[in-house]
Structures are given as C-alpha cells and as structure tokens.
Amino acid sequence: MSALFFKRFLKRPFQIASIIPSSKALVKRVARKMDFSEPRVIAEYGPGEGVHSREIARRMPAGSKLLLFELDPAFSRDLQRQFADDPRVHVIHGDAARLPEELERHGIAKCDYILSGIPFSILEIKKKRALLEKTYEALADGGTFIIYQITNELRQHAKLFERADSEYFLQNIPPMFITVFHKTNHLNGHRRPLRRAAEFSTNHRSA
Ligand SMILES: C[S@@+](CC[C@H](N)C(=O)[O-])C[C@H]1O[C@@H](n2cnc3c(N)ncnc32)[C@H](O)[C@@H]1O
C-alpha cells in the first residue's frame with residue numbers, strides 16, 4: 001500500500017475517495033485503451049500519486065504531451081518531483097475544470113485522450129455537467145474520455161458523447177467500471193482519424 005496515498009485519504013477522504021491507488025492490472029487495462037503508435041496529447045484528471053501517469057509516460061512516444069491535473073498539494077508536489085526530468089509532462093496543481101485555460105497556456109488546441117480518476121459521483125450536478133462539457137469540447141474528433149469508477153452513474157450524465165463502452169473490471173480493489181466515451185463527429189459518414197500531437201499545437205500551426 002502507498003503510505004502517501006493513505007495519509008492523503010485520511011486528510012481529505014471525499015476528495016481522494018479511495019484508500020489505495022489503482023491496481024497494476026487496472027492501470028494496464030486502461031492504458032491498453034489508448035493508441036500510442038504516434039505522439040499524443042493526453043490530459044489526466046486526479047492522477048493521485050501517479051500510478052496511471054507513469055504507465056502513460058512510459059508508453060507515449062517523444063513529441064507527446066501529458067497534462068496532469070491534481071487538486072491535492074502533497075500529490076502535486078510528489079508528481080512534480082517524479083516528472084521533473086520529463087519535459088513531455090506538465091503537472092498542474094488545480095482543478096480539472098482548468099483544462100481549457102491550461103490547454104491554451106500550453107498552445108494545445110485539442111486532446112486525443114482524457115483520463116479521469118476523480119470521484120465524479122460525488123460532484124455536485126452543475127459541476128459535473130460543466131466538467132463533462134469542457135471535456136467534450138477539449139477532445140479532438142475521434143478522441144476518447146476514459147474513466148474508471150466504482151459506479152457507472154456518469155453514463156447517464158454524459159449523453160453529449162456519441163458512444164460509450166463499459167466493462168466491469170474485477171482485478172482491482174474495489175472492482176471498477178471502466179467506461180470509454182467516444183467523441184465521434186462524422187464527416188461525410190467517415191470517422192476522422194486522430195491527428196498527431198504536433199498538429200494540435202496552436203504554436204505549430206502559426207509557425
Ligand atoms: C480515487 S483517487 C485516484 C488516484 C489515482 N488516479 C489512482 O488511480 O490511484 C482521486 C484523485 O482525484 C483527485 N481529485 C479529486 N477531485 C479533483 C478535481 N476536481 N480536479 C483534480 N483532481 C481531483 C484527488 O485529489 C485524488 O488524488
């Protein structure tokens with residue numbers, strides 16, 4: 001068990017919402033839902049002590065970007081330390097709702113993937129809807145929003161996504177629903193493929 005994780009849970013039980021990090025099996029299962037064959041822009045909400053972030057950073061090729069949004073100050077400091085030597089990773093100590101401002105600040109137009117471990121089910125309905133809207137807006141056509149949660153209640157609120165696929169994953173304590181929400185804007189009946197990370201950079205476009 002991660003001592004830091006347990007300590008932070010004792011400090012902020014509702015925000016952390018779990019006494020242990022995701023299992024290795026869950027981390028691998030989630031990572032397999034992303035395609036790392038080319039550079040990607042990925043945002044993660046609520047990385048905690050970074051168990052998913054480390055796996056993503058290990059898999060993502062050069063030219064990718066990973067933006068980590070963590071509310072807890074101790075987790076944020078620890079993430080800064082862990083990724084201090086990796087220029088592809090940016091740690092934001094703040095609310096996931098800051099995504100649009102942070103994308104703009106980093107000169108990124110859209111994300112390929114957004115991963116969330118935050119306890120959506122306890123978010124007040126207005127905040128939940130606003131974050132879902134920002135998430136949808138921030139994704140590229142063909143991008144996905146991936147969540148792992150004890151309940152699958154977010155599905156009923158995330159109707160703006162064109163498709164959702166869920167599985168119940170038992171190899172975690174507690175078992176989790178993993179749901180992938182697809183943003184599939186179709187152009188002339190054809191799904192637009194994900195674009196390379198470099199093409200998302202507004203800096204790149206204006207260069
Ligand atoms: C259940 S823990 C998940 C930690 C880690 N992703 C894992 O799988 O082990 C939830 C994390 O989300 C963070 N969190 C909760 N609400 C948040 C928000 N609105 N924005 C950013 N982080 C948030 C908490 O501080 C905590 O680190």
# chains A, B, ... in the order shown; residues from 1 in each chain; ligands from 1
>>> select_by_dssp(residues="stretch 68-115 of chain A", states="helix (DSSP H, G or I)", output="PyMOL selection string")
chain A and resi 73-82+96-105
>>> closest_atom_pairs(of="chain A", to="ligand 1", cutoff="6 Å", atoms="only C-alpha atoms and all ligand atoms", output="JSON lines")
{"residue": "A:Gln15", "atom": "CA", "partner": "ligand 1", "partner_atom_place_in_ligand_line": "15 (C)", "distance": 4.7}
{"residue": "A:Ile16", "atom": "CA", "partner": "ligand 1", "partner_atom_place_in_ligand_line": "26 (C)", "distance": 4.0}
{"residue": "A:Ala17", "atom": "CA", "partner": "ligand 1", "partner_atom_place_in_ligand_line": "1 (C)", "distance": 4.9}
{"residue": "A:Ser18", "atom": "CA", "partner": "ligand 1", "partner_atom_place_in_ligand_line": "1 (C)", "distance": 4.8}
{"residue": "A:Pro21", "atom": "CA", "partner": "ligand 1", "partner_atom_place_in_ligand_line": "9 (O)", "distance": 3.1}
{"residue": "A:Ser22", "atom": "CA", "partner": "ligand 1", "partner_atom_place_in_ligand_line": "9 (O)", "distance": 4.0}
{"residue": "A:Tyr45", "atom": "CA", "partner": "ligand 1", "partner_atom_place_in_ligand_line": "21 (C)", "distance": 5.1}
{"residue": "A:Gly46", "atom": "CA", "partner": "ligand 1", "partner_atom_place_in_ligand_line": "12 (O)", "distance": 3.2}
{"residue": "A:Pro47", "atom": "CA", "partner": "ligand 1", "partner_atom_place_in_ligand_line": "6 (N)", "distance": 3.8}
{"residue": "A:Gly48", "atom": "CA", "partner": "ligand 1", "partner_atom_place_in_ligand_line": "27 (O)", "distance": 3.4}
{"residue": "A:Val51", "atom": "CA", "partner": "ligand 1", "partner_atom_place_in_ligand_line": "9 (O)", "distance": 5.8}
{"residue": "A:Phe69", "atom": "CA", "partner": "ligand 1", "partner_atom_place_in_ligand_line": "21 (C)", "distance": 4.9}
{"residue": "A:Glu70", "atom": "CA", "partner": "ligand 1", "partner_atom_place_in_ligand_line": "22 (N)", "distance": 3.9}
{"residue": "A:Leu71", "atom": "CA", "partner": "ligand 1", "partner_atom_place_in_ligand_line": "22 (N)", "distance": 4.3}
{"residue": "A:Asp72", "atom": "CA", "partner": "ligand 1", "partner_atom_place_in_ligand_line": "25 (O)", "distance": 4.5}
{"residue": "A:Gly94", "atom": "CA", "partner": "ligand 1", "partner_atom_place_in_ligand_line": "21 (C)", "distance": 5.9}
{"residue": "A:Asp95", "atom": "CA", "partner": "ligand 1", "partner_atom_place_in_ligand_line": "20 (N)", "distance": 3.6}
{"residue": "A:Ala96", "atom": "CA", "partner": "ligand 1", "partner_atom_place_in_ligand_line": "20 (N)", "distance": 3.9}
{"residue": "A:Gly117", "atom": "CA", "partner": "ligand 1", "partner_atom_place_in_ligand_line": "6 (N)", "distance": 4.6}
{"residue": "A:Ile118", "atom": "CA", "partner": "ligand 1", "partner_atom_place_in_ligand_line": "12 (O)", "distance": 3.9}
>>> write_last_selection(atoms="N, CA and C atoms", output="short mmCIF file (atom, residue, chain, number, x, y, z; two decimals), in the first residue's frame")
data_model
loop_
_atom_site.label_atom_id
_atom_site.label_comp_id
_atom_site.auth_asym_id
_atom_site.auth_seq_id
_atom_site.Cartn_x
_atom_site.Cartn_y
_atom_site.Cartn_z
N GLN A 15 -12.42 13.88 -1.25
CA GLN A 15 -11.72 14.25 -2.48
C GLN A 15 -10.88 13.08 -3.02
N ILE A 16 -10.21 12.37 -2.13
CA ILE A 16 -9.33 11.27 -2.57
C ILE A 16 -10.19 10.03 -2.90
N ALA A 17 -11.19 9.78 -2.05
CA ALA A 17 -12.24 8.78 -2.32
C ALA A 17 -11.78 7.33 -2.42
N SER A 18 -10.54 7.04 -2.04
CA SER A 18 -10.07 5.66 -2.08
C SER A 18 -8.88 5.56 -1.12
N PRO A 21 -4.21 3.17 -4.25
CA PRO A 21 -4.20 3.53 -5.68
C PRO A 21 -4.76 2.39 -6.54
N SER A 22 -4.97 2.68 -7.82
CA SER A 22 -5.42 1.66 -8.78
C SER A 22 -4.42 0.51 -8.82
N TYR A 45 -7.14 13.66 -15.18
CA TYR A 45 -7.77 14.30 -14.03
C TYR A 45 -7.54 13.41 -12.80
N GLY A 46 -7.00 13.97 -11.73
CA GLY A 46 -6.86 13.23 -10.48
C GLY A 46 -5.86 12.10 -10.53
N PRO A 47 -4.60 12.38 -10.92
CA PRO A 47 -3.60 11.31 -11.01
C PRO A 47 -3.19 10.72 -9.65
N GLY A 48 -3.48 11.45 -8.57
CA GLY A 48 -3.10 10.94 -7.25
C GLY A 48 -1.59 10.83 -7.14
N VAL A 51 0.02 6.59 -10.51
CA VAL A 51 0.16 5.21 -10.97
C VAL A 51 -0.20 5.08 -12.47
N PHE A 69 -3.73 17.02 -13.85
CA PHE A 69 -4.48 17.96 -13.02
C PHE A 69 -4.76 17.32 -11.67
N GLU A 70 -4.10 17.82 -10.63
CA GLU A 70 -4.27 17.22 -9.31
C GLU A 70 -4.55 18.31 -8.27
N LEU A 71 -5.66 18.15 -7.55
CA LEU A 71 -6.08 19.13 -6.54
C LEU A 71 -5.26 19.07 -5.26
N ASP A 72 -4.81 17.88 -4.91
CA ASP A 72 -4.14 17.71 -3.62
C ASP A 72 -2.70 18.23 -3.67
N GLY A 94 -4.24 21.92 -9.43
CA GLY A 94 -5.51 22.63 -9.54
C GLY A 94 -6.62 21.71 -10.01
N ASP A 95 -7.77 22.30 -10.14
CA ASP A 95 -8.98 21.57 -10.52
C ASP A 95 -8.95 21.18 -12.00
N ALA A 96 -9.48 20.00 -12.28
CA ALA A 96 -9.56 19.52 -13.66
C ALA A 96 -10.34 20.50 -14.54
N GLY A 117 -9.70 9.89 -12.96
CA GLY A 117 -9.84 9.08 -11.76
C GLY A 117 -10.52 9.85 -10.65
N ILE A 118 -11.07 11.03 -10.97
CA ILE A 118 -11.68 11.83 -9.89
C ILE A 118 -13.05 11.24 -9.52
#
>>> residues_around(residues="stretch 77-82 of chain A", least_positions_apart="4", cutoff="9 Å", atoms="only C-alpha atoms", output="PyMOL selection string")
chain A and resi 47-50+54+68+70+72-73+86+90-93
>>> write_last_selection(atoms="N, CA and C atoms", output="compact mmCIF listing (two decimals), in the first residue's frame")
# COMPACT_ATOMS: atom_id res chain seq x y z
N PRO A 47 -4.60 12.38 -10.92
CA PRO A 47 -3.60 11.31 -11.01
C PRO A 47 -3.19 10.72 -9.65
N GLY A 48 -3.48 11.45 -8.57
CA GLY A 48 -3.10 10.94 -7.25
C GLY A 48 -1.59 10.83 -7.14
N GLU A 49 -1.08 9.66 -6.78
CA GLU A 49 0.37 9.53 -6.68
C GLU A 49 0.98 9.08 -8.02
N GLY A 50 0.19 9.02 -9.09
CA GLY A 50 0.74 8.90 -10.45
C GLY A 50 0.83 7.51 -11.04
N ARG A 54 2.50 7.31 -14.72
CA ARG A 54 3.81 6.67 -15.00
C ARG A 54 3.69 5.69 -16.16
N LEU A 68 -1.22 16.77 -16.23
CA LEU A 68 -1.77 16.15 -15.02
C LEU A 68 -2.43 17.20 -14.15
N GLU A 70 -4.10 17.82 -10.63
CA GLU A 70 -4.27 17.22 -9.31
C GLU A 70 -4.55 18.31 -8.27
N ASP A 72 -4.81 17.88 -4.91
CA ASP A 72 -4.14 17.71 -3.62
C ASP A 72 -2.70 18.23 -3.67
N PRO A 73 -2.32 19.13 -2.73
CA PRO A 73 -0.97 19.73 -2.80
C PRO A 73 0.17 18.72 -2.62
N ASP A 86 11.16 15.02 -17.17
CA ASP A 86 10.44 14.64 -18.39
C ASP A 86 9.69 15.86 -18.94
N HIS A 90 3.43 17.85 -17.79
CA HIS A 90 3.18 19.10 -17.07
C HIS A 90 2.23 18.82 -15.92
N VAL A 91 2.66 19.16 -14.71
CA VAL A 91 1.80 18.94 -13.53
C VAL A 91 1.10 20.26 -13.19
N ILE A 92 -0.22 20.22 -13.12
CA ILE A 92 -0.99 21.41 -12.76
C ILE A 92 -1.63 21.14 -11.40
N HIS A 93 -1.22 21.94 -10.40
CA HIS A 93 -1.84 21.79 -9.09
C HIS A 93 -3.13 22.59 -9.12
>>> residues_around(residues="stretch 37-43 of chain A", least_positions_apart="4", cutoff="7 Å", atoms="only C-alpha atoms", output="list in words")
Met60, Pro61, Ala62, Gly63, Ser64, Lys65, Leu66, Leu67, Leu68, Cys111, Asp112, Tyr113, Ile114, Leu115, Arg196 and Ala197 of chain A
>>> atom_distance(atom1="atom CA of A:Ala140", atom2="atom CA of A:Lys110")
5.2 Å
>>> select_by_dssp(residues="stretch 47-99 of chain A", states="strand (DSSP E or B)", output="list in words")
Lys65, Leu66, Leu67, Leu68, Phe69, Glu70, Val89, His90, Val91, Ile92 and His93 of chain A
>>> atom_distance(atom1="atom CA of A:Ser166", atom2="atom CA of A:Val180")
6.4 Å
>>> residues_around(residues="A:Phe14", least_positions_apart="3", cutoff="10 Å", atoms="only C-alpha atoms", output="number ranges by chain")
A: 9-11, 17-18, 119, 122-123
>>> write_last_selection(atoms="N, CA and C atoms", output="CSV table (one decimal), in the first residue's frame")
chain,number,residue,atom,x,y,z
A,9,PHE,N,-5.7,10.3,2.0
A,9,PHE,CA,-7.1,9.8,2.2
A,9,PHE,C,-7.6,10.3,3.5
A,10,LEU,N,-6.7,10.1,4.6
A,10,LEU,CA,-7.2,10.5,5.9
A,10,LEU,C,-7.4,12.0,6.0
A,11,LYS,N,-6.6,12.7,5.3
A,11,LYS,CA,-6.7,14.2,5.3
A,11,LYS,C,-7.9,14.7,4.6
A,17,ALA,N,-11.2,9.8,-2.1
A,17,ALA,CA,-12.2,8.8,-2.3
A,17,ALA,C,-11.8,7.3,-2.4
A,18,SER,N,-10.5,7.0,-2.0
A,18,SER,CA,-10.1,5.7,-2.1
A,18,SER,C,-8.9,5.6,-1.1
A,119,PRO,N,-13.5,11.4,-8.3
A,119,PRO,CA,-14.8,10.8,-7.9
A,119,PRO,C,-15.9,11.6,-8.4
A,122,ILE,N,-19.5,12.0,-6.7
A,122,ILE,CA,-19.9,12.9,-5.5
A,122,ILE,C,-19.8,14.4,-5.9
A,123,LEU,N,-19.5,14.7,-7.2
A,123,LEU,CA,-19.5,16.1,-7.7
A,123,LEU,C,-21.0,16.6,-7.8
>>> residues_around(residues="A:Phe177", least_positions_apart="4", cutoff="10 Å", atoms="only C-alpha atoms", output="list in words")
Ile147, Tyr148, Gln149, Ile150, Thr151, Asn152, Glu153, Ser166, Glu167, Tyr168, Phe169 and Leu170 of chain A
